[in-house]
Number of protein chains: 2
Amino acid sequence: MATPIDPTSAAFLVAESRTQPMHVGGLQLFRKPEGAGRDYVRQVYEQLSAPQEIAPLFLKRPHRSMKTAGQYVWIEDDHFDIEHHVRHSALPKPGRVRELLELCSRLHGQRLAHERPLWEAHVIEGLRDGRVALYTKTHHALVDGVSAMRLLQSVLTTDPERRDMPAPWARRESTRPPREPQDAASVLDLPASAFRTALGISAEAAGMPGALVRTLARGVRNETSAVSFYAPRTIFNQPITGSRRFAAQDWPIERMREIGKATGTTMNDVVLAMCSGALRTYLLELDALPEAGLVAMVPVGLNAKQANIASAEGGNAVGSVMVQLSTDLPDPADRLAAIHTSMVDGKDALSSMTPMQILAMSAIGMAPTIVYPILGMHGIMRPPFNVVISNVPGPRSVQYMNGARLEGMYPLSIPINGMALNITCTSYDGKMCFGLTGCRRTVPHLQRLLAYLDAELIALEKVAGV
Amino acid sequence: MATPIDPTSAAFLVAESRTQPMHVGGLQLFRKPEGAGRDYVRQVYEQLSAPQEIAPLFLKRPHRSMKTAGQYVWIEDDHFDIEHHVRHSALPKPGRVRELLELCSRLHGQRLAHERPLWEAHVIEGLRDGRVALYTKTHHALVDGVSAMRLLQSVLTTDPERRDMPAPWARRESTRPPREPQDAASVLDLPASAFRTALGISAEAAGMPGALVRTLARGVRNETSAVSFYAPRTIFNQPITGSRRFAAQDWPIERMREIGKATGTTMNDVVLAMCSGALRTYLLELDALPEAGLVAMVPVGLNAKQANIASAEGGNAVGSVMVQLSTDLPDPADRLAAIHTSMVDGKDALSSMTPMQILAMSAIGMAPTIVYPILGMHGIMRPPFNVVISNVPGPRSVQYMNGARLEGMYPLSIPINGMALNITCTSYDGKMCFGLTGCRRTVPHLQRLLAYLDAELIALEKVAGV
């Protein structure tokens, strides 16, 4: 039976091409439980690939034909084959994290075929430290990045003894996954509808040439903001290819918190300062650092009062702030201070925006490939920022998947034409997990950014005197 | 620059669907050279993924657009990325042949994206016996199965010391790979043009409603043959899905030769008798054995005199014989005798056919998805055979790839709608290597056929008294 595809999802399908796959990914690292046998990973794989029943979301595939007048509809996959979607893989020797990131880069660079349900999960063994990895891939037409992460977390529990957690794609009795109370304030707890609303705007924008598009256009020109600056051209803002490189690493949140405390900045400012310093070093090395500082688009969570929106399910919203990364400043302390100021200004500007303006801003971050062409029609030829840096709070307490302890979770995002690098961080159990996703050709040696992030954290500690 | 695609290749692209991927595969197993280091497999992978220059065949991808009036053309891939095509993989524990076959099944079930050059090669480590596997996948629009095998063999040498053999996809000085003299009579030495000619017929058939299609139709009705029989309906002759299962094993050719000697039959008869007995047991177990015996389509090589064709490059041709497998007979000796008679009759019939008729017959085996619809238009609703069994001679002497000894090579073929199982054998170094490729749903528990083949070989030895 065919069901309609909402316009936003359809737009992600249409926007997709070989050079611009439209799926989000997640990499999770697990420590095997005590006394796990030789067959442990195979058992995990078998459990994940044999749910009693598959949730409808994971059974549907897009379809268009003469009959549907060329429009996409969802149809249930007649030949659904779980073995196609859930796979058991292994790393080549020596099984370092490097080999894991290479595999994830490769997997993330391959498009999901539209002829099948739009998701994959890979249970990966062969890490020489004995850990087990789970890489998942979900099309943006099915879920946005945050919902995808929430979905993955639905299989986790704080109970190390619990063994009956269903696979994320298993059909559940209740329509909502159980949630951990301690994360009530995190972005993950935003109702999916809030994201859908934000996304909805952009999709409907094509048929909406009035007030909203003007709001969008003003938003990206920063005319709604107290500060107004212009992003320089960089190597990141070019057409991209379909090759991907993924790099990931985590650092203790405590280190960032200490720097923030000593300098009067926030932990998020420190994360942005790490990115700023790393990008500066990276671009200097390539002799490609522009004179003007890079601008980052940073999604921020807003509470109901701030956002002045009462959504159906609670009252949260997401806005985005343009942050001046000040990559032109040579001193780490100066960069951190400038970022802090820019962030405060941006948030102030955001709080003075109307709900519609905030949603319009959010739409840019959530669905840039859809929004940019529309903006292009209005004379804005390129986005006013160079890179997207998101920081999505994750679970604070230790999580387990059927007894295996989760040690880290790293998001893989979507580079697009004109935005070749994406940095997304997730906090988990006292660690800040960075996931860097880029076009391998446009962003050469992306993995070097990890070393530069590390060096920058040390430099910030030094200037903060901690 | 766009170059035209010949009609046969285009037909394979058009015929392709999710349930009917149109690529052929090859699995090769290598023993590492003495003294190979820990990094040996990585070195092999790196050597294969870094040719000086890629041969044009491996750089082109199909393309069609408004500009090409919806017709396929070849264009060179602007963003060619060898890392997408040559991959380094590993098997999950315990790394038995079973895990290897599972991986090959999965890889063989995934379509090659038309947006990239139509091939992949996977260097696979992690077999617990220390061997290294190479799985390759090439679209039928690029090469037919025999040419694909020849291409793979072009990287092999009888010299265990030689280390400078280029990757199969590397551009070479000479346009022809070096050939081993001892295999001069093998099907592998047929000029590719002979296959292309055979294939060409079918592709041009759409515009050729006269003598040739009548010949084709008479051919599949066996009206050109002295014997005429009708294939029963079986579970193999149904629509298929896109899931694949691959099974492979080898047995010493000497055992088959001994049976042939003792019973006055050929080694090829014994191979067919093994298949017959195995299929009988398999279908009995599923309570699906038809009363009438199954019919196999068996491609046979013909020399120039037999075929009465003088081809441009030598004078060989391929015909196909319909062989009554006599799966209805309970006794292995009776089945072998019946197969022998059927094969002799079929070959006699073939030798009385005109060259055009032989080519028409060959076209059925080589390009069934193209030929069947054309035959359908002429009132033949299903093929007059149940299964394709090919036996392709391979190299007789031990081969090496840059020092690694080739221990076995197993072909993966193309199941299509109505022909869910394909059995292809390759001889190599005194072994007969069987490759069974089927739709996993239409042919359940395909791997059981390996045990039945083994049991049948033992049964045949018993009745032959060897």
# chains A, B, ... in the order shown; residues from 1 in each chain; ligands from 1

call {"tool": "residues_around", "arguments": {"residues": "B:Leu156", "least_positions_apart": "5", "cutoff": "8 Å", "atoms": "only C-alpha atoms", "output": "PyMOL selection string"}}
result
chain B and resi 165+399-402

call {"tool": "write_last_selection", "arguments": {"atoms": "C-alpha atoms", "output": "PDB file, in the first residue's frame"}}
result
ATOM      1  CA  MET B 165      52.186  -8.510 -12.262  1.00  0.00           C
ATOM      2  CA  GLN B 399      49.213 -20.087 -10.824  1.00  0.00           C
ATOM      3  CA  TYR B 400      50.629 -17.314  -8.662  1.00  0.00           C
ATOM      4  CA  MET B 401      49.639 -13.730  -8.042  1.00  0.00           C
ATOM      5  CA  ASN B 402      52.739 -11.860  -6.988  1.00  0.00           C
TER       6      ASN B 402
END

call {"tool": "interface_residues", "arguments": {"of": "chain A", "to": "chain B", "cutoff": "8 Å", "atoms": "only C-alpha atoms", "output": "list in words"}}
result
Arg18, Asp39, His79, Asp81, Glu83, His84, His88, Ser89, Ala90, Leu91, Pro92, Lys93, Arg106, Glu115, Glu125, Gly126, Thr241, Gly242 and Ser243 of chain A

call {"tool": "residues_around", "arguments": {"residues": "A:Gly418", "least_positions_apart": "4", "cutoff": "8 Å", "atoms": "only C-alpha atoms", "output": "NGL selection string"}}
result
:A and (236-240 or 382)

call {"tool": "select_by_dssp", "arguments": {"residues": "stretch 36-142 of chain B", "states": "helix (DSSP H, G or I)", "output": "list in words"}}
result
Tyr40, Val41, Arg42, Gln43, Val44, Tyr45, Glu46, Gln47, Leu48, Pro56, Leu57, Phe58, Ile82, Glu83, His84, His85, Val97, Arg98, Glu99, Leu100, Leu101, Glu102, Leu103, Cys104, Ser105, Arg106, Leu107 and His108 of chain B

call {"tool": "atom_distance", "arguments": {"atom1": "atom CA of A:Thr341", "atom2": "atom CA of A:Leu289"}}
result
22.2 Å

call {"tool": "residues_around", "arguments": {"residues": "B:Ser65", "least_positions_apart": "4", "cutoff": "12 Å", "atoms": "only C-alpha atoms", "output": "number ranges by chain"}}
result
B: 2, 69-75

call {"tool": "write_last_selection", "arguments": {"atoms": "N, CA and C atoms", "output": "PDB file, in the first residue's frame"}}
result
ATOM      1  N   ALA B   2      31.662  11.332 -24.299  1.00  0.00           N
ATOM      2  CA  ALA B   2      30.715  10.217 -24.346  1.00  0.00           C
ATOM      3  C   ALA B   2      31.004   9.323 -25.544  1.00  0.00           C
ATOM      4  N   ALA B  69      19.044  11.679 -25.313  1.00  0.00           N
ATOM      5  CA  ALA B  69      17.717  11.202 -25.711  1.00  0.00           C
ATOM      6  C   ALA B  69      17.347   9.923 -24.956  1.00  0.00           C
ATOM      7  N   GLY B  70      17.791   9.843 -23.706  1.00  0.00           N
ATOM      8  CA  GLY B  70      17.413   8.698 -22.873  1.00  0.00           C
ATOM      9  C   GLY B  70      18.196   7.440 -23.192  1.00  0.00           C
ATOM     10  N   GLN B  71      19.115   7.516 -24.137  1.00  0.00           N
ATOM     11  CA  GLN B  71      19.918   6.338 -24.484  1.00  0.00           C
ATOM     12  C   GLN B  71      21.185   6.307 -23.624  1.00  0.00           C
ATOM     13  N   TYR B  72      21.624   5.083 -23.307  1.00  0.00           N
ATOM     14  CA  TYR B  72      22.862   4.959 -22.539  1.00  0.00           C
ATOM     15  C   TYR B  72      24.079   5.267 -23.401  1.00  0.00           C
ATOM     16  N   VAL B  73      25.011   6.012 -22.820  1.00  0.00           N
ATOM     17  CA  VAL B  73      26.338   6.182 -23.431  1.00  0.00           C
ATOM     18  C   VAL B  73      27.362   5.916 -22.327  1.00  0.00           C
ATOM     19  N   TRP B  74      28.596   5.634 -22.725  1.00  0.00           N
ATOM     20  CA  TRP B  74      29.671   5.538 -21.744  1.00  0.00           C
ATOM     21  C   TRP B  74      30.289   6.911 -21.579  1.00  0.00           C
ATOM     22  N   ILE B  75      30.526   7.305 -20.329  1.00  0.00           N
ATOM     23  CA  ILE B  75      31.327   8.506 -20.107  1.00  0.00           C
ATOM     24  C   ILE B  75      32.416   8.164 -19.097  1.00  0.00           C
TER      25      ILE B  75
END

call {"tool": "residues_around", "arguments": {"residues": "B:Asp77", "least_positions_apart": "5", "cutoff": "8 Å", "atoms": "only C-alpha atoms", "output": "list of chain:residue names"}}
result
B:Leu59, B:Lys60, B:Arg61, B:Arg116, B:Pro117

call {"tool": "residues_around", "arguments": {"residues": "A:Leu13", "least_positions_apart": "5", "cutoff": "9 Å", "atoms": "only C-alpha atoms", "output": "list in words"}}
result
Thr8, Met22, Pro62, Tyr72, His114, His139, His140 and Ala141 of chain A

call {"tool": "select_by_dssp", "arguments": {"residues": "stretch 226-273 of chain B", "states": "strand (DSSP E or B)", "output": "VMD selection string"}}
result
chain B and resid 244 to 252

call {"tool": "write_last_selection", "arguments": {"atoms": "N, CA and C atoms", "output": "compact mmCIF listing (two decimals), in the first residue's frame"}}
result
# COMPACT_ATOMS: atom_id res chain seq x y z
N ARG B 244 20.91 -13.10 -2.53
CA ARG B 244 21.73 -14.13 -3.16
C ARG B 244 22.33 -15.07 -2.13
N ARG B 245 22.51 -16.31 -2.55
CA ARG B 245 23.30 -17.23 -1.75
C ARG B 245 24.32 -17.86 -2.69
N PHE B 246 25.55 -17.91 -2.20
CA PHE B 246 26.63 -18.49 -3.00
C PHE B 246 27.25 -19.63 -2.21
N ALA B 247 27.48 -20.74 -2.87
CA ALA B 247 28.16 -21.86 -2.23
C ALA B 247 29.24 -22.35 -3.17
N ALA B 248 30.33 -22.82 -2.62
CA ALA B 248 31.45 -23.23 -3.47
C ALA B 248 32.24 -24.35 -2.80
N GLN B 249 32.71 -25.24 -3.59
CA GLN B 249 33.57 -26.34 -3.08
C GLN B 249 34.28 -26.96 -4.28
N ASP B 250 35.38 -27.65 -4.00
CA ASP B 250 36.04 -28.34 -5.11
C ASP B 250 36.31 -29.79 -4.78
N TRP B 251 36.44 -30.58 -5.83
CA TRP B 251 36.75 -32.00 -5.70
C TRP B 251 37.84 -32.34 -6.71
N PRO B 252 38.66 -33.35 -6.42
CA PRO B 252 39.73 -33.72 -7.37
C PRO B 252 39.15 -34.21 -8.70

call {"tool": "atom_distance", "arguments": {"atom1": "atom CA of B:Ala349", "atom2": "atom CA of B:Gly394"}}
result
26.6 Å

call {"tool": "atom_distance", "arguments": {"atom1": "atom CA of A:Asn391", "atom2": "atom CA of A:Pro299"}}
result
7.7 Å

call {"tool": "closest_residue", "arguments": {"among": "B:Pro21, B:Gly293, B:Gly435, B:Pro51", "to": "B:Thr138", "atoms": "only C-alpha atoms"}}
result
B:Pro21

call {"tool": "closest_residue", "arguments": {"among": "B:Thr424, B:Thr157, B:Gln324, B:Thr136", "to": "B:Pro395", "atoms": "only C-alpha atoms"}}
result
B:Thr157

call {"tool": "closest_residue", "arguments": {"among": "A:Ala292, A:Val86, A:Leu29, A:Ala55", "to": "A:Lys137", "atoms": "only C-alpha atoms"}}
result
A:Val86
